[in-house]
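Presented below is the structure to which this report refers.
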Amino acid sequence: ECLLGPDGMFYFMEMNTRIQVEHPVTELITGVDLVKWQLRIAAGERLTLTQKDVRIRGHAIECRINAEDPERDFLPSAGEVEFFLPPGGPGVRVDSHIYAGYTPPGTYDSLLAKIITWGSDRDEALARMRRALSECIVTGVKTSMPFQLALLNEPDFRRGEIDLSFLPNLMQRQRG
């Protein structure tokens, strides 16, 4: 994983030898179930899929919905989930474990859900994500969704014209 700096250079972030939390993005644009293949290989099956069998189709984006308060520098939001209504519709996938009565842990990852949208192009995937985030309801704890909606409405983000200074500048503008 890399980030693009304002100097046009790519900066290495991390490399993991495990399945990434972002694997649904790859699954949606390739149609390949990575977890299924991982389990098959772990069970001793041969990998019969080749790189030329993998076709990239469309665009996908993922938002991690965390129990965090964007207005307080993303501090963990303590409490209990009172209600959860995931979004749906064409091109929307939700991976989650939460339910009414669930209490997010305050000592480690506060991930509540992943919302992943697919579209034939970036604009369609982003429009579907804006709709999905607007339809998703989580009550009882604050979530990262308001910030993600603000991010999706930024013209530079929609155009894909961002660098390492984008996020700090956006956060500064939101604080006033």
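Following the order of the structure tokens, first chain is A, next is B, and so on, with residues numbered from 1 inside each chain and ligands from 1 in the order they appear.
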
A:Val138 environment, 10 Å, only C-alpha atoms, sequence neighbours closer than 3 positions dropped, as an NGL selection string: :A and (65 or 67 or 81-86 or 98-100 or 112 or 135 or 141-143 or 145)

Would you mind exporting all heavy atoms of the selected residues as a CSV table (one decimal), in the first residue's frame?
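Written out: selection32.csv:
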```csv
chain,number,residue,atom,x,y,z
A,65,ILE,N,-16.7,1.8,8.8
A,65,ILE,CA,-17.6,2.5,9.8
A,65,ILE,C,-17.1,2.2,11.2
A,65,ILE,O,-17.2,1.0,11.6
A,65,ILE,CB,-19.0,2.2,9.6
A,65,ILE,CG1,-19.5,2.2,8.2
A,65,ILE,CG2,-19.9,3.0,10.6
A,65,ILE,CD1,-19.2,3.6,7.5
A,67,ALA,N,-16.7,3.2,15.5
A,67,ALA,CA,-17.3,3.9,16.6
A,67,ALA,C,-16.3,4.9,17.1
A,67,ALA,O,-15.6,4.7,18.0
A,67,ALA,CB,-17.7,2.9,17.7
A,81,VAL,N,-24.6,0.1,20.9
A,81,VAL,CA,-25.4,0.3,19.7
A,81,VAL,C,-26.9,0.0,20.0
A,81,VAL,O,-27.2,-1.0,20.5
A,81,VAL,CB,-24.9,-0.7,18.5
A,81,VAL,CG1,-25.9,-0.6,17.3
A,81,VAL,CG2,-23.5,-0.4,18.1
A,82,GLU,N,-27.7,1.0,19.8
A,82,GLU,CA,-29.1,0.9,20.1
A,82,GLU,C,-29.9,0.4,18.9
A,82,GLU,O,-30.8,-0.4,19.0
A,82,GLU,CB,-29.7,2.3,20.4
A,82,GLU,CG,-29.1,2.8,21.7
A,82,GLU,CD,-29.5,4.3,22.0
A,82,GLU,OE1,-30.1,4.9,21.1
A,82,GLU,OE2,-29.1,4.8,23.0
A,83,PHE,N,-29.4,0.8,17.7
A,83,PHE,CA,-30.1,0.4,16.5
A,83,PHE,C,-29.2,0.4,15.3
A,83,PHE,O,-28.3,1.2,15.2
A,83,PHE,CB,-31.3,1.4,16.2
A,83,PHE,CG,-32.1,1.1,15.0
A,83,PHE,CD1,-33.0,0.0,15.0
A,83,PHE,CD2,-31.9,1.8,13.8
A,83,PHE,CE1,-33.8,-0.3,13.9
A,83,PHE,CE2,-32.7,1.5,12.7
A,83,PHE,CZ,-33.6,0.5,12.7
A,84,PHE,N,-29.3,-0.6,14.4
A,84,PHE,CA,-28.4,-0.7,13.2
A,84,PHE,C,-29.3,-1.1,12.0
A,84,PHE,O,-30.0,-2.1,12.0
A,84,PHE,CB,-27.3,-1.7,13.4
A,84,PHE,CG,-26.5,-2.0,12.2
A,84,PHE,CD1,-25.9,-0.9,11.5
A,84,PHE,CD2,-26.3,-3.3,11.7
A,84,PHE,CE1,-25.1,-1.2,10.4
A,84,PHE,CE2,-25.5,-3.5,10.6
A,84,PHE,CZ,-24.9,-2.5,9.9
A,85,LEU,N,-29.3,-0.2,11.0
A,85,LEU,CA,-30.0,-0.5,9.8
A,85,LEU,C,-29.0,-0.3,8.7
A,85,LEU,O,-28.6,0.8,8.3
A,85,LEU,CB,-31.2,0.5,9.5
A,85,LEU,CG,-31.9,0.3,8.2
A,85,LEU,CD1,-32.6,-1.1,8.2
A,85,LEU,CD2,-32.9,1.4,8.0
A,86,PRO,N,-28.5,-1.4,8.1
A,86,PRO,CA,-27.5,-1.3,7.0
A,86,PRO,C,-28.1,-0.9,5.7
A,86,PRO,O,-29.3,-1.1,5.5
A,86,PRO,CB,-26.9,-2.8,6.9
A,86,PRO,CG,-28.0,-3.6,7.4
A,86,PRO,CD,-28.8,-2.8,8.4
A,98,ILE,N,-22.3,-6.2,13.9
A,98,ILE,CA,-23.0,-5.5,15.0
A,98,ILE,C,-24.5,-5.8,15.0
A,98,ILE,O,-25.1,-6.2,14.0
A,98,ILE,CB,-22.7,-4.0,15.0
A,98,ILE,CG1,-23.4,-3.3,13.8
A,98,ILE,CG2,-21.2,-3.7,15.1
A,98,ILE,CD1,-23.3,-1.8,13.9
A,99,TYR,N,-25.1,-5.5,16.2
A,99,TYR,CA,-26.5,-5.7,16.4
A,99,TYR,C,-26.9,-4.8,17.5
A,99,TYR,O,-26.1,-4.2,18.2
A,99,TYR,CB,-26.8,-7.2,16.8
A,99,TYR,CG,-25.9,-7.6,18.0
A,99,TYR,CD1,-26.3,-7.4,19.3
A,99,TYR,CD2,-24.6,-8.2,17.7
A,99,TYR,CE1,-25.5,-7.8,20.3
A,99,TYR,CE2,-23.8,-8.5,18.8
A,99,TYR,CZ,-24.3,-8.4,20.1
A,99,TYR,OH,-23.5,-8.7,21.1
A,100,ALA,N,-28.2,-4.5,17.6
A,100,ALA,CA,-28.7,-3.7,18.8
A,100,ALA,C,-28.3,-4.4,20.1
A,100,ALA,O,-28.5,-5.6,20.3
A,100,ALA,CB,-30.2,-3.6,18.7
A,112,LEU,N,-17.1,-1.2,13.2
A,112,LEU,CA,-18.5,-1.7,13.3
A,112,LEU,C,-19.0,-2.3,12.0
A,112,LEU,O,-19.7,-3.3,12.1
A,112,LEU,CB,-19.5,-0.5,13.6
A,112,LEU,CG,-19.2,0.3,14.9
A,112,LEU,CD1,-20.2,1.5,14.9
A,112,LEU,CD2,-19.4,-0.6,16.1
A,135,GLU,N,-28.1,6.3,3.9
A,135,GLU,CA,-29.2,5.4,4.3
A,135,GLU,C,-28.8,4.6,5.6
A,135,GLU,O,-29.7,4.1,6.3
A,135,GLU,CB,-29.5,4.4,3.2
A,135,GLU,CG,-30.1,5.0,2.0
A,135,GLU,CD,-30.3,4.0,0.8
A,135,GLU,OE1,-29.8,2.8,1.0
A,135,GLU,OE2,-30.9,4.4,-0.2
A,141,VAL,N,-24.0,5.2,19.5
A,141,VAL,CA,-22.6,5.6,19.4
A,141,VAL,C,-22.4,6.5,18.2
A,141,VAL,O,-23.1,6.4,17.2
A,141,VAL,CB,-21.7,4.3,19.3
A,141,VAL,CG1,-21.7,3.5,20.6
A,141,VAL,CG2,-21.9,3.5,18.1
A,142,LYS,N,-21.4,7.3,18.4
A,142,LYS,CA,-21.1,8.2,17.2
A,142,LYS,C,-20.2,7.3,16.3
A,142,LYS,O,-19.5,6.4,16.7
A,142,LYS,CB,-20.2,9.4,17.7
A,142,LYS,CG,-21.0,10.3,18.7
A,142,LYS,CD,-20.7,11.7,18.3
A,142,LYS,CE,-21.5,12.6,19.3
A,142,LYS,NZ,-22.3,13.5,18.6
A,143,THR,N,-20.3,7.7,15.0
A,143,THR,CA,-19.6,6.9,14.0
A,143,THR,C,-18.8,7.9,13.1
A,143,THR,O,-19.0,9.1,13.1
A,143,THR,CB,-20.5,6.0,13.1
A,143,THR,OG1,-21.2,6.9,12.2
A,143,THR,CG2,-21.4,5.2,14.0
A,145,MET,N,-19.2,8.0,10.0
A,145,MET,CA,-20.0,8.2,8.7
A,145,MET,C,-20.1,9.7,8.4
A,145,MET,O,-20.0,10.0,7.2
A,145,MET,CB,-21.4,7.5,8.8
A,145,MET,CG,-21.2,6.0,8.6
A,145,MET,SD,-22.8,5.2,8.4
A,145,MET,CE,-23.6,5.5,10.0
```

Residue set, stretch 97-151 of chain A restricted to strand (DSSP E), as a ChimeraX atom specification: /A:111-119,137-139

Best match for closeness to A:Ala132 among A:Pro155, A:Gly101, A:Gly160, A:Pro87, counting only C-alpha atoms: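 The shortest atom-to-atom distance to A:Ala132 comes from A:Pro87.
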
Residue with smallest distance to A:Pro70 - pool A:Thr103, A:Gln148, A:Asp121, A:Leu126, counting only C-alpha atoms: A:Gln148

All residues 12 Å or closer to A:Asp73, only C-alpha atoms, same chain fewer than 5 positions away omitted, as a PyMOL selection string: chain A and resi 68+143-144+147+168+171-172+174-175

Atoms to include: all heavy atoms. Write the selected residues as a JSON list (two decimals), in the first residue's frame.
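Generated file (result_11.json):
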```json
[["chain", "number", "residue", "atom", "x", "y", "z"],
["A", 68, "GLU", "N", -16.33, 6.04, 16.35],
["A", 68, "GLU", "CA", -15.43, 7.15, 16.63],
["A", 68, "GLU", "C", -16.18, 8.45, 16.43],
["A", 68, "GLU", "O", -17.10, 8.53, 15.63],
["A", 68, "GLU", "CB", -14.22, 7.12, 15.69],
["A", 68, "GLU", "CG", -13.35, 5.90, 15.82],
["A", 68, "GLU", "CD", -12.26, 5.82, 14.78],
["A", 68, "GLU", "OE1", -12.30, 6.55, 13.77],
["A", 68, "GLU", "OE2", -11.35, 4.99, 14.97],
["A", 143, "THR", "N", -20.34, 7.66, 14.98],
["A", 143, "THR", "CA", -19.58, 6.91, 13.98],
["A", 143, "THR", "C", -18.81, 7.85, 13.06],
["A", 143, "THR", "O", -19.03, 9.06, 13.05],
["A", 143, "THR", "CB", -20.50, 6.03, 13.11],
["A", 143, "THR", "OG1", -21.24, 6.87, 12.22],
["A", 143, "THR", "CG2", -21.43, 5.18, 13.96],
["A", 144, "SER", "N", -17.96, 7.25, 12.27],
["A", 144, "SER", "CA", -17.15, 8.00, 11.29],
["A", 144, "SER", "C", -17.95, 8.39, 10.05],
["A", 144, "SER", "O", -17.43, 9.08, 9.18],
["A", 144, "SER", "CB", -15.94, 7.15, 10.90],
["A", 144, "SER", "OG", -16.36, 5.86, 10.47],
["A", 147, "PHE", "N", -18.11, 12.18, 8.73],
["A", 147, "PHE", "CA", -16.85, 12.61, 8.14],
["A", 147, "PHE", "C", -16.68, 12.00, 6.74],
["A", 147, "PHE", "O", -16.25, 12.67, 5.80],
["A", 147, "PHE", "CB", -15.66, 12.25, 9.02],
["A", 147, "PHE", "CG", -14.35, 12.67, 8.43],
["A", 147, "PHE", "CD1", -13.95, 13.99, 8.52],
["A", 147, "PHE", "CD2", -13.54, 11.77, 7.76],
["A", 147, "PHE", "CE1", -12.74, 14.41, 7.96],
["A", 147, "PHE", "CE2", -12.35, 12.17, 7.20],
["A", 147, "PHE", "CZ", -11.94, 13.50, 7.30],
["A", 168, "PRO", "N", -5.35, 16.39, 6.26],
["A", 168, "PRO", "CA", -5.18, 17.43, 7.29],
["A", 168, "PRO", "C", -5.87, 18.74, 6.90],
["A", 168, "PRO", "O", -6.46, 19.41, 7.75],
["A", 168, "PRO", "CB", -3.67, 17.61, 7.39],
["A", 168, "PRO", "CG", -3.08, 16.36, 6.85],
["A", 168, "PRO", "CD", -4.06, 15.85, 5.82],
["A", 171, "MET", "N", -9.66, 18.34, 7.42],
["A", 171, "MET", "CA", -9.99, 18.37, 8.85],
["A", 171, "MET", "C", -9.90, 19.80, 9.40],
["A", 171, "MET", "O", -10.74, 20.21, 10.21],
["A", 171, "MET", "CB", -9.09, 17.41, 9.62],
["A", 171, "MET", "CG", -9.39, 15.95, 9.25],
["A", 171, "MET", "SD", -8.25, 14.77, 9.95],
["A", 171, "MET", "CE", -8.80, 14.78, 11.66],
["A", 172, "GLN", "N", -8.92, 20.53, 8.95],
["A", 172, "GLN", "CA", -8.76, 21.94, 9.38],
["A", 172, "GLN", "C", -9.97, 22.76, 8.92],
["A", 172, "GLN", "O", -10.52, 23.55, 9.70],
["A", 172, "GLN", "CB", -7.47, 22.52, 8.78],
["A", 172, "GLN", "CG", -7.20, 23.94, 9.17],
["A", 172, "GLN", "CD", -6.58, 24.06, 10.53],
["A", 172, "GLN", "OE1", -6.13, 23.09, 11.11],
["A", 172, "GLN", "NE2", -6.57, 25.26, 11.07],
["A", 174, "GLN", "N", -12.98, 21.70, 8.33],
["A", 174, "GLN", "CA", -14.18, 21.27, 9.05],
["A", 174, "GLN", "C", -14.23, 21.84, 10.46],
["A", 174, "GLN", "O", -15.31, 22.02, 11.00],
["A", 174, "GLN", "CB", -14.27, 19.75, 9.07],
["A", 174, "GLN", "CG", -14.66, 19.19, 7.73],
["A", 174, "GLN", "CD", -15.29, 17.83, 7.86],
["A", 174, "GLN", "OE1", -14.90, 17.04, 8.69],
["A", 174, "GLN", "NE2", -16.25, 17.57, 7.02],
["A", 175, "ARG", "N", -13.08, 22.09, 11.03],
["A", 175, "ARG", "CA", -13.05, 22.67, 12.39],
["A", 175, "ARG", "C", -13.41, 24.15, 12.37],
["A", 175, "ARG", "O", -13.71, 24.72, 13.39],
["A", 175, "ARG", "CB", -11.66, 22.48, 13.01],
["A", 175, "ARG", "CG", -11.40, 21.06, 13.40],
["A", 175, "ARG", "CD", -10.09, 20.93, 14.15],
["A", 175, "ARG", "NE", -9.82, 19.54, 14.39],
["A", 175, "ARG", "CZ", -8.76, 18.89, 13.93],
["A", 175, "ARG", "NH1", -7.84, 19.53, 13.24],
["A", 175, "ARG", "NH2", -8.59, 17.63, 14.17]]
```

Å distance separating atom CA of A:Thr30 from atom CA of A:Arg57, one decimal place: 6.2 Å

Polymer residues at most 6 Å from stretch 127-131 of chain A, only C-alpha atoms, same-chain spacing of 3 or more positions, as a ChimeraX atom specification: /A:117,124,134

DSSP helix (DSSP H, G or I) selection over stretch 3-174 of chain A, as an NGL selection string: :A and (23-30 or 34-42 or 51-53 or 70-72 or 122-135 or 145-152 or 155-159 or 166-174)

Test item: residues at most 12 Å from A:Glu62, only C-alpha atoms, excluding those fewer than 6 positions along its chain, as a count of residues only: 29

Pick from A:Ile29, A:Leu34, A:Ala43, A:Leu164 nearest to A:Met13, counting only C-alpha atoms: A:Leu164

Pairwise distance for atom CA of A:Ala60 and atom CA of A:Ile137, rounded to one decimal in Å: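 Atom CA of A:Ala60 sits 21.6 Å away from atom CA of A:Ile137.
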
Point-to-point distance from atom CA of A:Pro76 to atom CA of A:Ser110, Å rounded to tenths: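 Interatomic distance, atom CA of A:Pro76 to atom CA of A:Ser110: 7.1 Å.
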
Nearest to A:His97 by atom-to-atom distance, counting only C-alpha atoms, from A:Ile61, A:Ile41, A:Leu3, A:Leu111: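 Among the listed residues, A:Leu111 lies closest to A:His97.
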
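Residue nearest A:Ser165 within the list A:Leu151, A:Leu39, A:Leu4, A:Cys63: A:Leu4 [criterion: smallest interatomic distance, only C-alpha atoms].
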